[in-house]
>>> print(open('final_3.csv').read())   # CSV, C-alpha atoms and all ligand atoms
chain,number,residue,atom,x,y,z
A,1,MET,CA,15.0,17.3,33.7
A,2,ARG,CA,15.1,19.3,36.9
A,3,GLY,CA,12.9,22.3,37.4
A,4,GLY,CA,13.7,25.7,39.0
A,5,PRO,CA,14.8,29.0,37.5
A,6,ILE,CA,17.8,29.2,35.3
A,7,VAL,CA,20.0,32.0,36.6
A,8,ALA,CA,22.2,33.5,33.8
A,9,SER,CA,25.7,34.6,34.8
A,10,PRO,CA,26.3,38.4,34.7
A,11,VAL,CA,27.6,39.7,31.4
A,12,ALA,CA,31.3,40.6,30.9
A,13,SER,CA,33.2,41.5,27.7
A,14,VAL,CA,36.6,41.1,26.0
A,15,SER,CA,38.0,43.4,23.3
A,16,LEU,CA,41.4,43.8,21.6
A,17,ASP,CA,42.8,47.1,20.4
A,18,MET,CA,44.6,46.2,17.2
A,19,ASP,CA,47.4,48.7,17.5
A,20,ASN,CA,50.1,48.0,14.9
A,21,LEU,CA,53.9,47.9,15.0
A,22,TRP,CA,54.1,51.3,13.3
A,23,SER,CA,51.8,53.0,15.8
A,24,TYR,CA,54.0,51.8,18.8
A,25,MET,CA,57.1,53.0,16.9
A,26,LYS,CA,55.5,56.4,16.2
A,27,ILE,CA,54.5,57.0,19.9
A,28,HIS,CA,58.0,55.9,20.9
A,29,GLY,CA,59.6,58.5,18.5
A,30,ASP,CA,61.1,55.9,16.1
A,31,PRO,CA,61.3,57.7,12.7
A,32,GLU,CA,61.0,54.4,10.8
A,33,TRP,CA,57.3,54.3,11.8
A,34,SER,CA,56.5,56.2,8.6
A,35,SER,CA,57.1,53.1,6.4
A,36,ARG,CA,54.2,51.6,8.5
A,37,PRO,CA,55.8,48.3,9.4
A,38,SER,CA,53.1,45.7,10.4
A,39,TYR,CA,52.7,42.5,12.3
A,40,LEU,CA,49.0,42.0,11.5
A,41,ASP,CA,49.6,38.8,9.4
A,42,ALA,CA,51.2,37.2,12.5
A,43,LEU,CA,48.6,38.6,14.9
A,44,THR,CA,45.3,37.8,13.2
A,45,PRO,CA,45.4,34.0,13.1
A,46,ARG,CA,46.7,33.8,16.7
A,47,MET,CA,44.0,36.1,18.0
A,48,LEU,CA,41.2,34.3,16.1
A,49,GLU,CA,42.5,30.9,17.3
A,50,LEU,CA,42.5,32.1,20.9
A,51,PHE,CA,38.9,33.5,20.7
A,52,GLY,CA,37.8,30.4,18.8
A,53,ALA,CA,39.3,28.0,21.4
A,54,HIS,CA,37.1,29.8,24.0
A,55,GLY,CA,34.0,29.9,21.9
A,56,LEU,CA,34.2,33.6,22.4
A,57,THR,CA,32.6,36.3,20.2
A,58,ALA,CA,34.7,39.4,21.0
A,59,THR,CA,35.3,42.9,19.7
A,60,VAL,CA,38.4,44.2,17.8
A,61,PHE,CA,39.0,47.9,17.8
A,62,VAL,CA,40.6,48.6,14.4
A,63,VAL,CA,42.8,51.5,13.3
A,64,GLY,CA,41.6,53.0,10.0
A,65,ALA,CA,45.2,53.5,8.6
A,66,ASP,CA,45.6,49.8,8.8
A,67,ALA,CA,42.1,48.9,7.4
A,68,VAL,CA,43.0,50.7,4.2
A,69,ARG,CA,46.1,48.6,3.6
A,70,ASP,CA,46.0,45.0,2.2
A,71,ASP,CA,47.1,43.2,5.4
A,72,GLY,CA,44.7,45.3,7.5
A,73,ALA,CA,41.8,44.8,5.2
A,74,ARG,CA,42.5,41.0,5.2
A,75,ALA,CA,42.5,41.1,9.0
A,76,VAL,CA,39.2,43.1,9.2
A,77,GLY,CA,37.6,40.6,6.7
A,78,ALA,CA,38.8,37.6,8.7
A,79,ILE,CA,37.6,39.1,12.0
A,80,ALA,CA,34.2,39.8,10.6
A,81,ASP,CA,33.9,36.4,8.9
A,82,ALA,CA,34.6,34.8,12.3
A,83,GLY,CA,31.6,36.6,13.7
A,84,HIS,CA,33.5,39.2,15.9
A,85,GLU,CA,32.6,42.8,16.1
A,86,VAL,CA,34.9,45.3,14.3
A,87,ALA,CA,34.9,48.7,16.1
A,88,ASN,CA,36.6,52.1,15.5
A,89,HIS,CA,40.0,52.8,17.1
A,90,SER,CA,40.5,56.1,15.1
A,91,PHE,CA,42.3,56.5,11.8
A,92,GLU,CA,45.8,57.7,12.7
A,93,HIS,CA,45.9,56.3,16.3
A,94,GLU,CA,47.4,59.5,17.9
A,95,PRO,CA,46.9,59.4,21.7
A,96,TRP,CA,46.6,63.2,21.7
A,97,LEU,CA,43.3,62.9,19.7
A,98,HIS,CA,41.5,64.7,22.5
A,99,ARG,CA,43.3,67.9,21.4
A,100,TYR,CA,41.9,67.7,17.8
A,101,GLU,CA,39.3,70.1,16.7
A,102,ARG,CA,35.9,68.9,15.7
A,103,GLY,CA,36.5,68.7,11.9
A,104,ARG,CA,39.6,66.6,12.3
A,105,LEU,CA,37.8,64.3,14.8
A,106,GLU,CA,35.0,63.8,12.3
A,107,GLU,CA,37.5,62.9,9.6
A,108,GLU,CA,39.1,60.3,11.9
A,109,LEU,CA,35.7,58.7,12.5
A,110,GLU,CA,34.5,58.9,8.9
A,111,ARG,CA,37.7,57.5,7.3
A,112,THR,CA,37.8,54.6,9.6
A,113,GLU,CA,34.1,53.8,9.1
A,114,ALA,CA,34.6,53.8,5.3
A,115,ALA,CA,37.8,51.6,5.5
A,116,VAL,CA,36.2,49.1,7.8
A,117,GLN,CA,33.1,48.8,5.6
A,118,ALA,CA,35.2,48.5,2.4
A,119,ALA,CA,37.1,45.6,4.1
A,120,GLY,CA,33.8,43.7,4.5
A,121,ALA,CA,32.7,44.5,8.1
A,122,PRO,CA,29.5,46.3,9.2
A,123,ARG,CA,29.7,50.1,10.0
A,124,PRO,CA,31.2,50.3,13.5
A,125,VAL,CA,28.9,51.3,16.4
A,126,GLY,CA,31.6,51.3,19.1
A,127,PHE,CA,34.6,53.5,19.6
A,128,ARG,CA,37.8,53.5,21.7
A,129,GLY,CA,40.2,56.4,21.6
A,130,PRO,CA,43.9,55.7,21.2
A,131,GLY,CA,45.7,56.0,24.6
A,132,TYR,CA,42.2,56.3,26.3
A,133,SER,CA,41.8,59.8,24.8
A,134,LEU,CA,38.3,61.3,24.7
A,135,SER,CA,36.8,64.8,24.5
A,136,PRO,CA,33.3,66.4,24.8
A,137,ASP,CA,33.4,67.0,21.0
A,138,LEU,CA,34.2,63.4,20.3
A,139,VAL,CA,31.4,62.1,22.6
A,140,GLY,CA,28.9,64.5,20.7
A,141,LEU,CA,30.2,63.3,17.3
A,142,LEU,CA,29.8,59.6,18.2
A,143,ALA,CA,26.2,60.2,19.3
A,144,GLU,CA,25.5,62.2,16.2
A,145,ARG,CA,27.0,59.5,13.9
A,146,GLY,CA,24.8,56.7,15.5
A,147,TYR,CA,27.4,55.0,17.7
A,148,SER,CA,25.8,53.0,20.5
A,149,TYR,CA,28.8,53.1,22.9
A,150,ASP,CA,32.2,54.5,23.7
A,151,ALA,CA,34.8,52.4,25.5
A,152,SER,CA,37.7,54.9,25.9
A,153,THR,CA,38.0,55.5,29.7
A,154,LEU,CA,40.4,53.7,32.0
A,155,PRO,CA,39.5,54.7,35.5
A,156,THR,CA,42.9,54.3,37.2
A,157,TRP,CA,45.3,56.6,39.1
A,158,ILE,CA,48.5,55.1,37.6
A,159,GLY,CA,48.5,57.2,34.4
A,160,PRO,CA,51.3,59.5,35.6
A,161,LEU,CA,53.5,56.4,36.4
A,162,ALA,CA,52.9,54.9,33.0
A,163,ARG,CA,53.7,58.3,31.4
A,164,ALA,CA,57.0,58.6,33.5
A,165,TYR,CA,58.0,55.1,32.3
A,166,TYR,CA,57.2,56.0,28.7
A,167,PHE,CA,59.1,59.2,28.7
A,168,ARG,CA,62.2,57.4,30.2
A,169,SER,CA,62.1,54.8,27.4
A,170,ALA,CA,61.1,57.0,24.4
A,171,SER,CA,63.4,59.2,22.3
A,172,LEU,CA,61.4,62.4,21.7
A,173,THR,CA,62.0,66.0,20.8
A,174,PRO,CA,60.7,68.7,23.1
A,175,ALA,CA,57.8,69.3,20.7
A,176,GLN,CA,56.9,65.7,20.7
A,177,ARG,CA,57.0,65.6,24.5
A,178,SER,CA,54.6,68.6,24.7
A,179,GLU,CA,52.2,66.9,22.2
A,180,ARG,CA,52.3,63.8,24.4
A,181,GLY,CA,52.1,65.7,27.7
A,182,ALA,CA,48.7,64.4,28.8
A,183,LEU,CA,49.4,60.8,27.6
A,184,PHE,CA,47.7,58.2,29.8
A,185,GLY,CA,45.9,61.0,31.8
A,186,SER,CA,46.5,62.3,35.3
A,187,ALA,CA,45.9,60.6,38.6
A,188,SER,CA,42.3,62.1,38.6
A,189,GLU,CA,41.4,59.6,35.9
A,190,GLY,CA,41.0,57.3,39.0
A,191,LEU,CA,37.9,59.3,40.0
A,192,ARG,CA,36.0,58.2,36.9
A,193,PRO,CA,33.4,55.5,37.5
A,194,VAL,CA,34.2,51.8,37.0
A,195,HIS,CA,30.5,51.1,36.4
A,196,PRO,CA,29.0,51.8,32.9
A,197,TYR,CA,27.1,55.1,32.6
A,198,ARG,CA,25.7,57.4,30.0
A,199,TRP,CA,27.3,60.6,28.8
A,200,LYS,CA,24.7,63.4,28.4
A,201,VAL,CA,25.4,65.0,25.0
A,202,ASP,CA,25.0,68.8,24.4
A,203,GLY,CA,21.8,69.4,22.4
A,204,GLY,CA,20.1,66.2,23.6
A,205,GLY,CA,20.8,62.5,23.3
A,206,ASP,CA,23.3,60.4,25.1
A,207,LEU,CA,26.0,57.8,24.7
A,208,LEU,CA,26.8,54.7,26.7
A,209,GLU,CA,30.3,54.6,28.3
A,210,LEU,CA,31.6,51.2,28.9
A,211,PRO,CA,34.9,51.8,30.9
A,212,VAL,CA,37.9,49.5,30.5
A,213,THR,CA,37.5,47.7,33.9
A,214,THR,CA,40.1,48.4,36.6
A,215,MET,CA,40.0,46.6,40.0
A,216,PRO,CA,37.0,48.0,41.9
A,217,LEU,CA,37.9,50.3,44.9
A,218,LEU,CA,41.7,50.0,44.3
A,219,ARG,CA,41.5,51.3,40.7
A,220,VAL,CA,44.5,49.3,39.6
A,221,PRO,CA,44.5,48.0,36.0
A,222,MET,CA,43.5,44.4,35.4
A,223,HIS,CA,44.0,44.3,31.6
A,224,ALA,CA,46.0,41.5,30.0
A,225,SER,CA,49.3,43.6,29.6
A,226,TYR,CA,49.3,44.4,33.3
A,227,LEU,CA,48.6,40.8,34.1
A,228,LEU,CA,51.6,39.7,32.0
A,229,GLN,CA,53.9,42.2,33.8
A,230,LEU,CA,52.9,40.6,37.1
A,231,HIS,CA,53.3,37.2,35.5
A,232,GLN,CA,56.9,38.1,34.6
A,233,SER,CA,57.7,38.6,38.3
A,234,SER,CA,55.5,35.8,39.7
A,235,PRO,CA,53.0,33.6,37.7
A,236,ARG,CA,51.3,32.7,41.0
A,237,LEU,CA,50.9,36.3,42.0
A,238,ALA,CA,49.4,37.2,38.5
A,239,ARG,CA,46.8,34.3,38.8
A,240,ALA,CA,45.9,35.3,42.4
A,241,TYR,CA,45.6,39.0,41.4
A,242,PHE,CA,43.3,38.3,38.5
A,243,ASP,CA,41.1,35.9,40.5
A,244,ALA,CA,40.8,38.5,43.3
A,245,ALA,CA,40.0,41.2,40.7
A,246,LEU,CA,37.2,39.0,39.2
A,247,ARG,CA,35.8,38.4,42.8
A,248,ALA,CA,35.9,42.1,43.5
A,249,CYS,CA,34.0,42.8,40.2
A,250,ARG,CA,31.3,40.2,41.2
A,251,LEU,CA,31.0,41.7,44.7
A,252,ARG,CA,30.7,45.3,43.4
A,253,GLY,CA,28.3,44.2,40.6
A,254,VAL,CA,30.7,45.2,37.8
A,255,GLY,CA,30.7,43.0,34.7
A,256,PRO,CA,34.4,43.4,33.7
A,257,SER,CA,35.4,44.6,30.3
A,258,LEU,CA,38.8,43.0,29.7
A,259,LEU,CA,41.2,44.7,27.3
A,260,LEU,CA,43.8,42.9,25.2
A,261,HIS,CA,46.6,44.3,23.1
A,262,PRO,CA,48.5,42.6,20.2
A,263,LEU,CA,51.7,42.5,22.3
A,264,ASP,CA,49.9,40.2,24.8
A,265,LEU,CA,50.0,37.6,22.0
A,266,LEU,CA,53.3,38.5,20.2
A,267,ASP,CA,56.9,38.3,21.3
A,268,ALA,CA,60.2,39.9,20.2
A,269,ARG,CA,60.4,37.6,17.1
A,270,ASP,CA,57.1,39.0,15.9
A,271,ALA,CA,57.9,42.6,16.7
A,272,PRO,CA,61.7,43.0,16.7
A,273,ARG,CA,61.7,46.8,17.2
A,274,LEU,CA,59.6,46.7,20.3
A,275,GLY,CA,62.0,45.0,22.6
A,276,PHE,CA,61.7,48.0,25.0
A,277,PHE,CA,58.1,47.1,25.8
A,278,PRO,CA,57.5,45.4,29.2
A,279,GLY,CA,56.9,41.7,28.8
A,280,MET,CA,58.6,41.3,25.3
A,281,ALA,CA,61.1,38.9,26.7
A,282,LEU,CA,58.4,36.3,27.3
A,283,ALA,CA,57.7,33.7,24.5
A,284,ALA,CA,54.4,34.2,22.7
A,285,THR,CA,53.2,30.7,23.6
A,286,GLU,CA,53.7,31.6,27.3
A,287,LYS,CA,51.8,34.9,26.9
A,288,VAL,CA,48.9,33.2,25.0
A,289,GLY,CA,48.7,30.7,27.9
A,290,VAL,CA,48.4,33.5,30.5
A,291,VAL,CA,45.7,35.3,28.5
A,292,ALA,CA,43.9,32.0,27.8
A,293,ARG,CA,43.8,31.2,31.5
A,294,ALA,CA,42.4,34.7,32.2
A,295,LEU,CA,39.7,34.2,29.6
A,296,GLY,CA,38.8,30.8,31.1
A,297,ALA,CA,38.6,32.3,34.6
A,298,MET,CA,36.3,35.1,33.4
A,299,GLN,CA,34.0,32.5,31.6
A,300,ARG,CA,33.6,30.6,34.9
A,301,HIS,CA,32.1,33.6,36.5
A,302,PHE,CA,30.5,35.6,33.7
A,303,THR,CA,28.8,35.2,30.3
A,304,VAL,CA,31.6,36.7,28.2
A,305,VAL,CA,30.8,38.6,25.0
A,306,GLY,CA,32.2,41.5,22.9
A,307,THR,CA,31.9,45.1,24.1
A,308,GLY,CA,29.1,45.8,21.5
A,309,GLU,CA,26.9,43.0,22.9
A,310,HIS,CA,27.9,44.0,26.5
A,311,ALA,CA,26.7,47.6,25.7
A,312,ARG,CA,23.5,46.3,24.1
A,313,GLN,CA,22.6,44.3,27.1
A,314,LEU,CA,23.4,47.2,29.4
A,315,LEU,CA,21.2,49.5,27.4
A,316,CYS,CA,18.3,46.9,27.4
A,317,ARG,CA,18.6,46.7,31.2
A,318,GLY,CA,18.7,50.5,31.5
A,319,VAL,CA,21.8,52.4,32.7
A,320,ALA,CA,20.5,55.3,34.7
A,321,ARG,CA,23.3,57.6,35.6
A,322,HIS,CA,24.1,60.6,33.4
A,323,ARG,CA,27.3,62.6,33.2
A,324,PRO,CA,28.1,65.7,31.1
A,325,ALA,CA,29.8,64.6,27.9
A,326,GLY,CA,33.5,64.0,28.5
A,327,ARG,CA,33.9,66.5,31.3
A,328,ALA,CA,34.6,64.2,34.1
A,329,GLY,CA,38.4,64.5,34.0
A,330,PRO,CA,41.4,66.2,32.6
A,331,ARG,CA,40.8,65.1,29.0
A,332,ALA,CA,37.9,67.6,28.7
A,333,GLY,CA,40.1,70.3,27.2
B,1,ZN,ZN,45.4,51.7,20.7
>>> encode(input="final_3.csv", output="C-alpha cells")
Amino acid sequence: MRGGPIVASPVASVSLDMDNLWSYMKIHGDPEWSSRPSYLDALTPRMLELFGAHGLTATVFVVGADAVRDDGARAVGAIADAGHEVANHSFEHEPWLHRYERGRLEEELERTEAAVQAAGAPRPVGFRGPGYSLSPDLVGLLAERGYSYDASTLPTWIGPLARAYYFRSASLTPAQRSERGALFGSASEGLRPVHPYRWKVDGGGDLLELPVTTMPLLRVPMHASYLLQLHQSSPRLARAYFDAALRACRLRGVGPSLLLHPLDLLDARDAPRLGFFPGMALAATEKVGVVARALGAMQRHFTVVGTGEHARQLLCRGVARHRPAGRAGPRAG
C-alpha cells in the first residue's frame, strides 16, 4: 500500500425537480391540467435506475399535490427506500409563489411536509421554489421551520429570454399573463452569487442558499434541459460545453449543483401533451444517455451527492458570507 495523503474530490450535487405533467399544463394555460394528469409511474423507475447505475444518492424535490395522490406517494416511498433525499418543492407548484402572503406560504410548506412524511419519507429539510421563486418571507419561514437549506436561486441573465419563449408558446388570458409576469426573473438574477452563501433572517438566524449552478463568469445555465437543447443542435457542442462548464467550476472553486427535470428523461410518448417543450422530439433513451454522460463527467471531477448532503458539508466547512434574506434581486417583492 502506498503512503501519502488522500485528497478527496470537491463536493458537487445532483437534484431533480419532480414537476408533473399537470403542472406544466397549468403553467402553459391548458385547462385540462385540473384533472391532474400524471407521468410519475413512467418517470420514477427511469430516474431511480439512472441514479442507481451511477451509484448516486441524489435529492428529489417533490410537489405536495402529487405526494398526496397514490402515484405520487408511491414515488416518494420508492425514492426514500432507495436512499435518496426527498425535499420540498411547494404544494401547488405555482411559479408566482413569491407573491404569496405569509400564511399561504406557510400552508404550502406545511401541507407538503405532511404529505411527504405520510408517504414514508423523513420531514424535508431542503426547499426549492417552483420556477426559482423565493421571497424574504419564505426564507424566514424555512429557517423557522428548521430547514437547513434553500436551493431556489438560478443566477443567470437569460430569464427574460426564457419568459419571452414561454409567452410565445403558451395560451394565456391577460390575467394569467399578469400573474406570470415575473416568471423566470429579470436579467438582474444574473447578479446573484453562483457560490453558496447564507441568507440572514430577520429576527436572527440564517439559512444556507445553494444556488442551481450556472457557468461561472458567463452565468449561462448548465442544467440538463439546457444541455439537451444544445445536444439537439450538436451533440459534440453539448459535450464540449458541459466539460468546459465543469472546468470553469473547478477553477472558480464552485462545487456544481446540477438540476434535472422529468422531461430530461421522458419523451413525447410519455408526455403527449407537452410536445411544445424544447427537446421533446428526442427519444427518451437518447436523453437518458446525454444525462448519464453528464453525471459520469461530474463524477470524474467531483464527489457527487444530493443537495442536502452538499449543504451539510458546506455548513460543516463554514460558509461565511451573509446576505439579507431574499432581497438580492427582483423577487424580493
Ligand atoms: Zn418545478
>>> residues_near_ligand(input="final_3.csv", ligand="ligand ZN 1 (chain B)", cutoff="7 Å", atoms="only C-alpha atoms and all ligand atoms", output="mmCIF file with C-alpha atoms, in the frame of the given file")
data_model
loop_
_atom_site.group_PDB
_atom_site.id
_atom_site.type_symbol
_atom_site.label_atom_id
_atom_site.label_comp_id
_atom_site.auth_asym_id
_atom_site.auth_seq_id
_atom_site.Cartn_x
_atom_site.Cartn_y
_atom_site.Cartn_z
ATOM 1 C CA ASP A 17 42.800 47.100 20.400
ATOM 2 C CA MET A 18 44.600 46.200 17.200
ATOM 3 C CA ASP A 19 47.400 48.700 17.500
ATOM 4 C CA HIS A 89 40.000 52.800 17.100
ATOM 5 C CA HIS A 93 45.900 56.300 16.300
ATOM 6 C CA PRO A 130 43.900 55.700 21.200
ATOM 7 C CA GLY A 131 45.700 56.000 24.600
#
>>> atom_distance(input="final_3.csv", atom1="CA of Met47 in chain A", atom2="CA of Thr153 in chain A")
23.4 Å
>>> residues_near_point(input="final_3.csv", point="(34.4, 53.6, 32.2)", cutoff="10 Å", atoms="all atoms listed in the file", output="number ranges by chain")
A: 150-156, 189, 192-198, 208-214, 257
>>> closest_residue(input="final_3.csv", among="A:Leu21, A:Ala67, A:Val60, A:Ala12", to="Arg250 in chain A", atoms="all atoms listed in the file")
A:Ala12
>>> closest_atom_pairs(input="final_3.csv", of="range 45-108 of chain A", to="range 121-125 of chain A", cutoff="8 Å", atoms="only C-alpha atoms", output="CSV")
residue,atom,partner,partner_atom,distance
A:Val76,CA,A:Ala121,CA,6.7
A:Gly77,CA,A:Ala121,CA,6.4
A:Ala80,CA,A:Ala121,CA,5.5
A:Val86,CA,A:Pro124,CA,6.3
A:Ala87,CA,A:Pro124,CA,4.8
A:Asn88,CA,A:Pro124,CA,6.0
>>> atom_distance(input="final_3.csv", atom1="CA of Pro45 in chain A", atom2="CA of Val63 in chain A")
17.7 Å
>>> closest_residue(input="final_3.csv", among="A:Leu274, A:Leu295, A:Leu260, A:Val290", to="Gly29 in chain A", atoms="all atoms listed in the file")
A:Leu274
>>> atom_distance(input="final_3.csv", atom1="CA of Trp199 in chain A", atom2="CA of Leu105 in chain A")
17.9 Å
>>> residues_near_point(input="final_3.csv", point="(33.9, 40.5, 25.0)", cutoff="7 Å", atoms="all atoms listed in the file", output="list of chain:residue names")
A:Ala12, A:Ser13, A:Val14, A:Ser15, A:Thr57, A:Ala58, A:Thr59, A:Ser257, A:Val304, A:Val305, A:Gly306, A:Thr307
>>> decode(input="final_3.csv", residues="range 136-148 of chain A", atoms="N, CA and C atoms", output="PDB file, in the first residue's frame")
ATOM      1  N   PRO A 136     -38.451  37.125   0.850  1.00  0.00           N
ATOM      2  CA  PRO A 136     -37.927  37.228   2.218  1.00  0.00           C
ATOM      3  C   PRO A 136     -38.786  36.458   3.225  1.00  0.00           C
ATOM      4  N   ASP A 137     -40.114  36.522   3.083  1.00  0.00           N
ATOM      5  CA  ASP A 137     -40.992  35.775   3.997  1.00  0.00           C
ATOM      6  C   ASP A 137     -40.707  34.282   3.930  1.00  0.00           C
ATOM      7  N   LEU A 138     -40.499  33.805   2.726  1.00  0.00           N
ATOM      8  CA  LEU A 138     -40.260  32.375   2.541  1.00  0.00           C
ATOM      9  C   LEU A 138     -38.943  31.956   3.201  1.00  0.00           C
ATOM     10  N   VAL A 139     -37.905  32.754   3.015  1.00  0.00           N
ATOM     11  CA  VAL A 139     -36.610  32.437   3.643  1.00  0.00           C
ATOM     12  C   VAL A 139     -36.776  32.385   5.165  1.00  0.00           C
ATOM     13  N   GLY A 140     -37.504  33.371   5.720  1.00  0.00           N
ATOM     14  CA  GLY A 140     -37.739  33.402   7.164  1.00  0.00           C
ATOM     15  C   GLY A 140     -38.496  32.168   7.641  1.00  0.00           C
ATOM     16  N   LEU A 141     -39.527  31.791   6.891  1.00  0.00           N
ATOM     17  CA  LEU A 141     -40.335  30.625   7.269  1.00  0.00           C
ATOM     18  C   LEU A 141     -39.510  29.332   7.221  1.00  0.00           C
ATOM     19  N   LEU A 142     -38.665  29.214   6.204  1.00  0.00           N
ATOM     20  CA  LEU A 142     -37.845  27.999   6.090  1.00  0.00           C
ATOM     21  C   LEU A 142     -36.930  27.867   7.309  1.00  0.00           C
ATOM     22  N   ALA A 143     -36.313  28.994   7.701  1.00  0.00           N
ATOM     23  CA  ALA A 143     -35.421  28.970   8.876  1.00  0.00           C
ATOM     24  C   ALA A 143     -36.227  28.614  10.135  1.00  0.00           C
ATOM     25  N   GLU A 144     -37.380  29.233  10.268  1.00  0.00           N
ATOM     26  CA  GLU A 144     -38.249  28.986  11.433  1.00  0.00           C
ATOM     27  C   GLU A 144     -38.668  27.523  11.543  1.00  0.00           C
ATOM     28  N   ARG A 145     -38.919  26.919  10.381  1.00  0.00           N
ATOM     29  CA  ARG A 145     -39.424  25.545  10.367  1.00  0.00           C
ATOM     30  C   ARG A 145     -38.303  24.507  10.386  1.00  0.00           C
ATOM     31  N   GLY A 146     -37.071  24.965  10.601  1.00  0.00           N
ATOM     32  CA  GLY A 146     -35.947  24.037  10.786  1.00  0.00           C
ATOM     33  C   GLY A 146     -35.336  23.505   9.504  1.00  0.00           C
ATOM     34  N   TYR A 147     -35.592  24.171   8.386  1.00  0.00           N
ATOM     35  CA  TYR A 147     -34.933  23.741   7.135  1.00  0.00           C
ATOM     36  C   TYR A 147     -33.445  24.056   7.225  1.00  0.00           C
ATOM     37  N   SER A 148     -32.609  23.219   6.603  1.00  0.00           N
ATOM     38  CA  SER A 148     -31.185  23.537   6.660  1.00  0.00           C
ATOM     39  C   SER A 148     -30.711  24.234   5.386  1.00  0.00           C
TER      40      SER A 148
END
